[in-house]
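Source file: work.cif. Holds: mmCIF, C-alpha atoms and all ligand atoms.
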```cif
data_my_file
loop_
_atom_site.label_atom_id
_atom_site.label_comp_id
_atom_site.auth_asym_id
_atom_site.auth_seq_id
_atom_site.Cartn_x
_atom_site.Cartn_y
_atom_site.Cartn_z
CA MET A 13 113.41 -1.17 137.78
CA ASN A 14 115.35 -0.61 141.00
CA ILE A 15 116.85 2.85 140.69
CA LEU A 16 119.33 4.55 143.00
CA ILE A 17 119.72 8.33 143.03
CA THR A 18 122.61 9.87 144.94
CA GLY A 19 121.84 13.46 145.88
CA GLY A 20 118.15 12.70 145.41
CA ALA A 21 117.04 15.17 148.08
CA GLY A 22 118.58 18.04 146.17
CA PHE A 23 117.03 20.34 143.61
CA ILE A 24 117.42 18.27 140.41
CA GLY A 25 117.57 14.90 142.19
CA SER A 26 114.20 15.36 143.88
CA HIS A 27 112.45 16.21 140.60
CA LEU A 28 114.02 13.12 139.04
CA ALA A 29 113.05 10.93 142.02
CA GLU A 30 109.46 12.16 141.88
CA LYS A 31 109.17 11.43 138.17
CA LEU A 32 110.64 7.92 138.49
CA VAL A 33 108.42 7.10 141.51
CA ASN A 34 105.37 8.24 139.52
CA GLU A 35 106.45 5.98 136.64
CA GLY A 36 106.27 3.06 139.08
CA HIS A 37 109.99 2.32 139.59
CA GLU A 38 111.46 1.28 142.94
CA VAL A 39 113.45 4.38 143.85
CA THR A 40 116.10 4.68 146.56
CA VAL A 41 117.53 8.09 147.37
CA ILE A 42 120.85 8.47 149.16
CA ASP A 43 121.65 11.93 150.42
CA ASN A 44 123.66 13.22 153.39
CA LEU A 45 121.56 16.42 153.34
CA CYS A 46 124.63 18.68 153.40
CA THR A 47 122.89 20.80 150.78
CA GLY A 48 119.79 18.65 150.10
CA ASN A 49 116.53 19.12 151.97
CA PRO A 50 114.06 16.41 153.11
CA GLU A 51 111.19 18.79 152.23
CA ASN A 52 112.10 18.27 148.58
CA ILE A 53 111.10 14.60 148.81
CA ALA A 54 108.20 15.04 151.26
CA SER A 55 105.64 14.39 148.51
CA ILE A 56 107.05 10.89 147.79
CA MET A 57 108.40 9.95 151.23
CA LYS A 58 105.40 7.76 152.10
CA ARG A 59 105.09 6.06 148.72
CA LYS A 60 105.62 2.28 148.84
CA ASN A 61 108.10 2.31 145.96
CA PHE A 62 110.35 4.94 147.58
CA ARG A 63 113.02 4.80 150.26
CA PHE A 64 115.36 7.38 151.64
CA ILE A 65 118.77 6.63 153.17
CA GLN A 66 120.67 9.43 154.87
CA HIS A 67 124.27 8.62 154.04
CA ASP A 68 127.40 10.29 152.66
CA ILE A 69 128.15 8.51 149.38
CA SER A 70 131.86 9.32 149.85
CA LYS A 71 131.75 6.38 152.30
CA PRO A 72 130.96 2.75 151.35
CA VAL A 73 127.38 1.48 151.49
CA PHE A 74 125.84 -1.92 150.67
CA PHE A 75 122.37 -2.75 149.39
CA ASP A 76 120.09 -5.66 150.07
CA ARG A 77 118.45 -5.51 146.65
CA LYS A 78 119.71 -5.62 143.10
CA ILE A 79 120.07 -2.21 141.50
CA ASP A 80 119.43 -1.65 137.78
CA GLN A 81 120.24 2.03 137.30
CA ILE A 82 122.18 4.64 139.28
CA TYR A 83 121.92 8.38 138.80
CA HIS A 84 124.96 9.90 140.54
CA LEU A 85 123.94 13.50 141.25
CA ALA A 86 125.38 14.00 144.74
CA SER A 87 127.52 17.13 145.05
CA PRO A 88 127.36 20.66 146.37
CA ALA A 89 126.56 22.51 143.15
CA SER A 90 126.33 26.21 143.85
CA PRO A 91 129.48 28.36 143.94
CA ILE A 92 128.87 29.47 147.53
CA ASP A 93 128.25 25.85 148.58
CA TYR A 94 131.47 24.52 147.18
CA LEU A 95 133.37 27.47 148.59
CA LYS A 96 131.97 26.54 152.01
CA LEU A 97 132.39 22.78 151.50
CA PRO A 98 135.54 22.47 149.36
CA ILE A 99 136.76 19.15 150.78
CA GLN A 100 133.32 17.49 150.68
CA THR A 101 132.96 18.68 147.08
CA LEU A 102 136.27 17.08 146.12
CA LYS A 103 135.47 13.92 148.08
CA VAL A 104 132.05 13.33 146.60
CA GLY A 105 133.33 13.93 143.05
CA ALA A 106 136.25 11.55 143.58
CA LEU A 107 135.42 9.00 146.31
CA GLY A 108 131.66 9.28 145.83
CA THR A 109 131.97 8.55 142.13
CA TYR A 110 134.40 5.68 142.82
CA ILE A 111 132.00 4.11 145.33
CA THR A 112 129.01 4.61 143.05
CA LEU A 113 130.90 2.95 140.19
CA GLY A 114 131.66 0.04 142.53
CA ILE A 115 127.95 -0.35 143.23
CA ALA A 116 127.24 -0.24 139.47
CA LYS A 117 129.91 -2.85 138.72
CA ARG A 118 128.75 -5.21 141.46
CA ASN A 119 125.11 -4.96 140.35
CA ASP A 120 125.78 -4.82 136.61
CA ALA A 121 123.81 -1.57 136.74
CA ALA A 122 123.93 1.37 134.33
CA LEU A 123 125.37 4.57 135.81
CA LEU A 124 124.70 8.16 134.82
CA LEU A 125 127.18 10.76 136.06
CA ALA A 126 125.93 14.31 136.50
CA SER A 127 128.89 16.31 135.25
CA THR A 128 128.77 20.00 134.54
CA SER A 129 129.39 22.81 132.11
CA GLU A 130 132.02 23.88 134.67
CA VAL A 131 134.38 21.31 133.11
CA TYR A 132 134.70 23.90 130.32
CA GLY A 133 135.84 26.49 132.87
CA ASP A 134 136.01 30.02 131.47
CA PRO A 135 135.59 28.77 127.91
CA LEU A 136 137.67 29.93 124.98
CA VAL A 137 135.31 28.20 122.54
CA HIS A 138 131.74 29.42 122.21
CA PRO A 139 129.18 27.84 122.27
CA GLN A 140 130.64 24.83 124.05
CA LYS A 141 130.67 21.49 122.26
CA GLU A 142 131.45 18.21 123.99
CA THR A 143 134.73 18.01 122.05
CA TYR A 144 136.09 21.14 123.78
CA TRP A 145 138.56 20.29 126.59
CA GLY A 146 137.98 23.39 128.66
CA ASN A 147 139.88 26.20 130.33
CA VAL A 148 139.89 25.49 134.06
CA ASN A 149 141.99 27.02 136.83
CA PRO A 150 142.72 23.97 139.04
CA ILE A 151 143.77 25.99 142.08
CA GLY A 152 141.15 28.75 141.92
CA PRO A 153 138.16 28.77 144.29
CA ARG A 154 135.94 27.04 141.72
CA GLY A 155 138.65 24.44 141.01
CA VAL A 156 137.35 22.15 143.78
CA TYR A 157 134.13 21.61 141.84
CA ASP A 158 135.52 21.77 138.31
CA GLU A 159 138.36 19.35 138.95
CA ALA A 160 136.22 16.99 141.05
CA LYS A 161 133.84 16.68 138.12
CA ARG A 162 136.70 16.32 135.62
CA TYR A 163 138.15 13.54 137.78
CA ALA A 164 134.66 11.98 138.00
CA GLU A 165 134.40 11.94 134.20
CA ALA A 166 137.84 10.33 133.96
CA ILE A 167 137.07 7.51 136.41
CA VAL A 168 133.66 6.87 134.82
CA GLU A 169 135.35 6.51 131.44
CA ALA A 170 137.97 4.19 132.97
CA TYR A 171 135.27 1.91 134.46
CA ARG A 172 133.46 1.88 131.11
CA ARG A 173 136.60 0.98 129.15
CA PHE A 174 138.32 -1.27 131.66
CA HIS A 175 135.41 -2.96 133.45
CA GLY A 176 132.71 -2.64 130.78
CA VAL A 177 130.31 -0.79 133.11
CA ARG A 178 127.47 0.84 131.14
CA THR A 179 127.96 4.53 131.82
CA HIS A 180 126.50 7.83 130.63
CA ILE A 181 128.02 11.25 131.27
CA VAL A 182 125.86 14.37 131.12
CA ARG A 183 127.28 17.88 131.31
CA ILE A 184 124.54 19.92 132.92
CA PHE A 185 124.35 23.65 132.15
CA ASN A 186 122.63 26.22 134.38
CA THR A 187 119.28 24.75 135.43
CA TYR A 188 116.55 26.43 137.47
CA GLY A 189 113.11 25.80 138.86
CA PRO A 190 111.14 25.14 142.04
CA ARG A 191 113.09 23.65 145.00
CA MET A 192 116.25 25.66 144.46
CA ARG A 193 117.20 27.01 147.86
CA PRO A 194 116.17 30.66 148.20
CA TYR A 195 119.61 31.58 149.51
CA ASP A 196 121.89 29.13 147.69
CA GLY A 197 123.63 32.10 146.09
CA ARG A 198 122.81 31.20 142.51
CA VAL A 199 121.55 33.91 140.30
CA VAL A 200 117.97 32.72 139.75
CA PRO A 201 116.92 32.41 143.42
CA ALA A 202 119.05 35.45 144.37
CA PHE A 203 117.36 37.75 141.84
CA ILE A 204 113.86 36.43 142.47
CA MET A 205 114.13 36.77 146.27
CA GLU A 206 115.56 40.30 145.96
CA ALA A 207 112.80 41.29 143.54
CA LEU A 208 110.09 39.85 145.79
CA LYS A 209 111.49 41.89 148.70
CA GLY A 210 111.48 45.02 146.53
CA GLU A 211 115.28 45.34 146.82
CA PRO A 212 117.71 46.17 144.01
CA LEU A 213 119.04 43.07 142.24
CA THR A 214 122.73 42.42 142.93
CA VAL A 215 124.54 42.03 139.63
CA PHE A 216 128.15 40.84 139.83
CA GLY A 217 130.64 42.66 137.59
CA ASN A 218 129.02 44.77 134.87
CA GLY A 219 126.48 42.01 134.13
CA GLY A 220 127.93 41.49 130.65
CA GLN A 221 128.72 37.83 131.40
CA THR A 222 126.28 35.40 129.82
CA ARG A 223 124.44 32.26 130.92
CA SER A 224 121.80 30.04 129.32
CA PHE A 225 119.06 28.78 131.65
CA CYS A 226 117.27 25.45 131.34
CA TYR A 227 114.01 24.65 133.16
CA VAL A 228 114.31 21.63 135.46
CA ASP A 229 111.55 19.55 133.79
CA ASP A 230 113.38 19.72 130.45
CA LEU A 231 116.62 18.70 132.11
CA VAL A 232 115.08 15.73 133.97
CA ARG A 233 113.49 14.46 130.74
CA GLY A 234 116.96 14.60 129.15
CA LEU A 235 118.57 12.70 132.04
CA ILE A 236 116.08 9.83 131.70
CA LEU A 237 116.49 9.72 127.91
CA LEU A 238 120.27 9.58 128.25
CA MET A 239 120.20 6.86 130.92
CA ASN A 240 118.01 4.68 128.70
CA SER A 241 120.03 5.29 125.54
CA LYS A 242 123.14 3.61 124.19
CA CYS A 243 125.01 6.93 124.29
CA SER A 244 127.87 7.02 126.82
CA GLY A 245 128.43 10.73 126.28
CA PRO A 246 129.53 13.15 127.39
CA VAL A 247 126.38 14.95 126.29
CA ASN A 248 125.57 18.60 127.01
CA LEU A 249 122.08 19.21 128.39
CA GLY A 250 120.98 22.80 128.71
CA ASN A 251 118.98 25.51 127.05
CA PRO A 252 120.94 27.33 124.32
CA HIS A 253 118.95 30.54 124.87
CA GLU A 254 121.83 32.75 126.03
CA MET A 255 121.47 36.10 127.77
CA THR A 256 123.57 38.54 129.70
CA ILE A 257 123.10 38.56 133.45
CA LEU A 258 122.14 42.25 133.23
CA ASP A 259 119.33 41.53 130.72
CA PHE A 260 118.24 38.64 132.91
CA ALA A 261 118.05 40.96 135.93
CA HIS A 262 115.92 43.47 134.00
CA ARG A 263 113.63 40.66 132.86
CA ILE A 264 113.04 39.48 136.43
CA ASN A 265 112.40 43.01 137.70
CA GLU A 266 109.90 43.48 134.89
CA ILE A 267 108.02 40.21 135.50
CA ILE A 268 107.80 40.78 139.26
CA GLY A 269 107.17 44.52 138.92
CA ASN A 270 110.16 45.46 141.09
CA LYS A 271 111.00 49.17 140.79
CA ALA A 272 114.17 49.05 142.94
CA GLY A 273 116.50 48.57 139.96
CA ILE A 274 119.96 47.08 140.08
CA LYS A 275 123.10 47.41 142.18
CA TYR A 276 126.58 46.23 141.27
CA MET A 277 129.08 44.10 143.22
CA PRO A 278 132.53 42.80 142.22
CA LEU A 279 132.67 39.77 139.94
CA PRO A 280 133.65 36.57 141.82
CA VAL A 281 137.07 35.07 141.00
CA ASP A 282 137.13 32.93 137.82
CA ASP A 283 133.47 33.67 137.03
CA PRO A 284 133.06 32.38 133.43
CA LYS A 285 132.45 35.23 130.97
CA VAL A 286 130.24 33.26 128.60
CA ARG A 287 128.34 30.00 128.65
CA GLN A 288 126.05 28.43 126.11
CA PRO A 289 125.60 24.74 125.35
CA ASP A 290 125.85 23.37 121.85
CA ILE A 291 123.07 20.76 122.05
CA GLY A 292 123.57 19.23 118.60
CA LYS A 293 124.69 15.93 120.12
CA ALA A 294 121.68 15.68 122.48
CA LYS A 295 119.34 16.39 119.56
CA LYS A 296 120.99 13.77 117.35
CA GLU A 297 121.59 11.01 119.90
CA LEU A 298 118.56 11.48 122.16
CA GLY A 299 116.07 13.49 120.11
CA TRP A 300 116.14 15.95 123.03
CA GLU A 301 115.70 19.69 123.11
CA PRO A 302 114.27 22.03 125.74
CA LEU A 303 110.56 22.83 125.40
CA VAL A 304 109.98 25.34 128.21
CA ASP A 305 110.88 28.94 127.38
CA VAL A 306 112.38 31.26 129.98
CA ASP A 307 109.16 33.22 130.63
CA GLN A 308 107.12 30.05 131.26
CA GLY A 309 109.85 28.57 133.44
CA LEU A 310 110.34 31.77 135.40
CA ALA A 311 106.59 32.07 136.05
CA LYS A 312 106.56 28.63 137.74
CA THR A 313 109.77 29.34 139.63
CA ILE A 314 108.60 32.73 140.89
CA GLU A 315 105.37 31.13 142.12
CA TYR A 316 107.46 28.67 144.15
CA PHE A 317 109.67 31.40 145.61
CA ARG A 318 106.62 33.47 146.58
CA GLY A 319 105.79 30.54 148.88
CA ALA A 320 109.35 30.52 150.27
CA PHE A 321 109.25 34.29 150.67
CA ASN A 322 105.92 34.21 152.55
CA LYS A 323 107.39 31.63 154.95
CA THR A 324 110.32 33.89 155.82
CA VAL A 325 108.32 37.10 156.43
N1 LIG A 401 125.38 36.43 139.71
C1 LIG A 401 124.98 37.74 139.94
N2 LIG A 401 124.32 38.02 141.12
C2 LIG A 401 124.02 37.08 142.05
C3 LIG A 401 124.43 35.74 141.80
C4 LIG A 401 125.11 35.45 140.63
O1 LIG A 401 125.23 38.63 139.13
O2 LIG A 401 123.42 37.42 143.08
C5 LIG A 401 126.08 36.12 138.46
C6 LIG A 401 127.37 35.33 138.63
O3 LIG A 401 128.48 36.21 138.78
C7 LIG A 401 127.44 34.54 137.33
C8 LIG A 401 125.98 34.31 136.97
O4 LIG A 401 125.23 35.25 137.71
O5 LIG A 401 128.05 35.30 136.31
C9 LIG A 401 125.49 32.91 137.31
O6 LIG A 401 125.87 32.61 138.62
P1 LIG A 401 125.43 31.30 139.36
O7 LIG A 401 126.06 31.33 140.71
O8 LIG A 401 123.96 31.16 139.30
O9 LIG A 401 126.01 30.09 138.51
P2 LIG A 401 127.36 29.84 137.67
O10 LIG A 401 126.88 29.78 136.27
O11 LIG A 401 128.33 30.97 137.86
O12 LIG A 401 127.85 28.56 138.21
#
```

I need this file expressed as structure tokens, please.
Ligand code: UDP
Amino acid sequence: MNILITGGAGFIGSHLAEKLVNEGHEVTVIDNLCTGNPENIASIMKRKNFRFIQHDISKPVFFDRKIDQIYHLASPASPIDYLKLPIQTLKVGALGTYITLGIAKRNDAALLLASTSEVYGDPLVHPQKETYWGNVNPIGPRGVYDEAKRYAEAIVEAYRRFHGVRTHIVRIFNTYGPRMRPYDGRVVPAFIMEALKGEPLTVFGNGGQTRSFCYVDDLVRGLILLMNSKCSGPVNLGNPHEMTILDFAHRINEIIGNKAGIKYMPLPVDDPKVRQPDIGKAKKELGWEPLVDVDQGLAKTIEYFRGAFNKTV
């Protein structure tokens, strides 16, 4: 198949691109590299069935070959990224999704939208099921991401209903693994880099807030299953193993053998207090569940960040 991945030079996109290239598909990645990194796709760059186009998907683009499937992953995705790039975040969620849907419609291609657990905001229902509408502050600092993705879901549904485009919406929960940027501000790289430097881990608030972390290989397997299913979604994909950020910090210090402990900083505005996916729908519709436990996943991720750490010292 001819497969297009927007945001394919990013963390999740590059793992997806690599897997699809290895399966023998013709893969085109579009990425403007505002948060993506060409190093992420270095291993497939020279493969015959791979091409890379540096382009901002918020602006129109035309293809010389028929496209069968589109994974629309392009977006800044870390809180510090979308605080730095608020307008681009809104544009790629709105205009980028609109343009990508246009490409899907013109090519009669299937489209998968990478939405997010952030559509649930600071959730009042726990764990979060797809039927929950969310608790989002539209004008808070995180609103640029949350509302862009909520808009994206709305326009994807409109194209499915009105134009009959085959669409699939996935709500991705916290995902981690190799190729996250060491300083993207998210908790997994932040804690691992601090621990490798022998510094105290910076916990925001009292660390009582919870998250549930999914290893990237599990997530990518779920994305491909959803794309090739009849399920339009939305479907939650994530690991239901929930833990407090404080417990998570202790775990990382323990694994790395960091004796520097923990320091506390104020909780960012609108930081969700709890988050855990209900994955009943993914199990039923896709036969999907995560297979990699946190210790296995962290071991692989720490190995990757040791490489990044050695490069910076
Ligand atoms: N966090 C933290 N220290 C850090 C970075 C993040 O305590 O150095 C906390 C953050 O406040 C949040 C959780 O870890 O409660 C996950 O943050 P992240 O930015 O990874 O993703 P989010 O789930 O908030 O989008």

Here is a test: counting all atoms listed in the file, which residue of A:Gly245, A:Gly197, A:Gly20, A:Gly250 is nearest to A:Val304?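 Ranked by minimum distance to A:Val304, first place goes to A:Gly250.
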
Give me, as CSV, each residue of chain A that comes within 7 Å of ligand LIG 401 (chain A), together with its shortest interatomic pair and the distance in Å at one decimal, counting only C-alpha atoms and all ligand atoms, with rows ordered by chain and rising residue number.
```
residue,atom,partner,partner_atom,distance
A:Ser90,CA,A:LIG401,O7,6.0
A:Pro91,CA,A:LIG401,O7,5.6
A:Asn186,CA,A:LIG401,O10,5.9
A:Gly197,CA,A:LIG401,C3,5.7
A:Arg198,CA,A:LIG401,O8,3.4
A:Val199,CA,A:LIG401,C3,3.7
A:Val200,CA,A:LIG401,O8,6.2
A:Ala202,CA,A:LIG401,O2,5.0
A:Phe203,CA,A:LIG401,O2,6.2
A:Thr214,CA,A:LIG401,N2,5.0
A:Val215,CA,A:LIG401,O1,3.5
A:Phe216,CA,A:LIG401,O1,3.7
A:Gly217,CA,A:LIG401,O3,6.9
A:Gly219,CA,A:LIG401,O1,6.2
A:Gln221,CA,A:LIG401,O5,5.6
A:Thr222,CA,A:LIG401,O5,6.7
A:Arg223,CA,A:LIG401,O10,6.4
A:Ile257,CA,A:LIG401,O4,5.8
A:Leu279,CA,A:LIG401,O3,5.6
A:Pro280,CA,A:LIG401,O3,6.0
A:Asp283,CA,A:LIG401,O5,5.7
A:Pro284,CA,A:LIG401,O5,6.5
A:Lys285,CA,A:LIG401,O5,6.9
```

Polymer residues at most 8 Å from A:Leu45, all atoms listed in the file, same-chain spacing of 2 or more positions, as a ChimeraX atom specification: /A:21-22,43,47-50,66

How many Å separate atom CA of A:Met205 from atom CA of A:Ser129?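 Result for atom CA of A:Met205 versus atom CA of A:Ser129: 25.1 Å, one decimal.
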
From the options A:Ser70, A:Ser241, A:Thr128, A:Gln308, which residue's atoms come nearest to A:Ala89, counting all atoms listed in the file? A:Thr128

Proximity to A:His138 - best of A:Lys295, A:Arg183, A:His37, A:Arg287, all atoms listed in the file: A:Arg287

For A:Ile79: contacts at 9 Å, all atoms listed in the file, fewer than 2 positions along chain excluded, given as a ChimeraX atom specification: /A:13-16,75,77,81-82,115-116,119-122
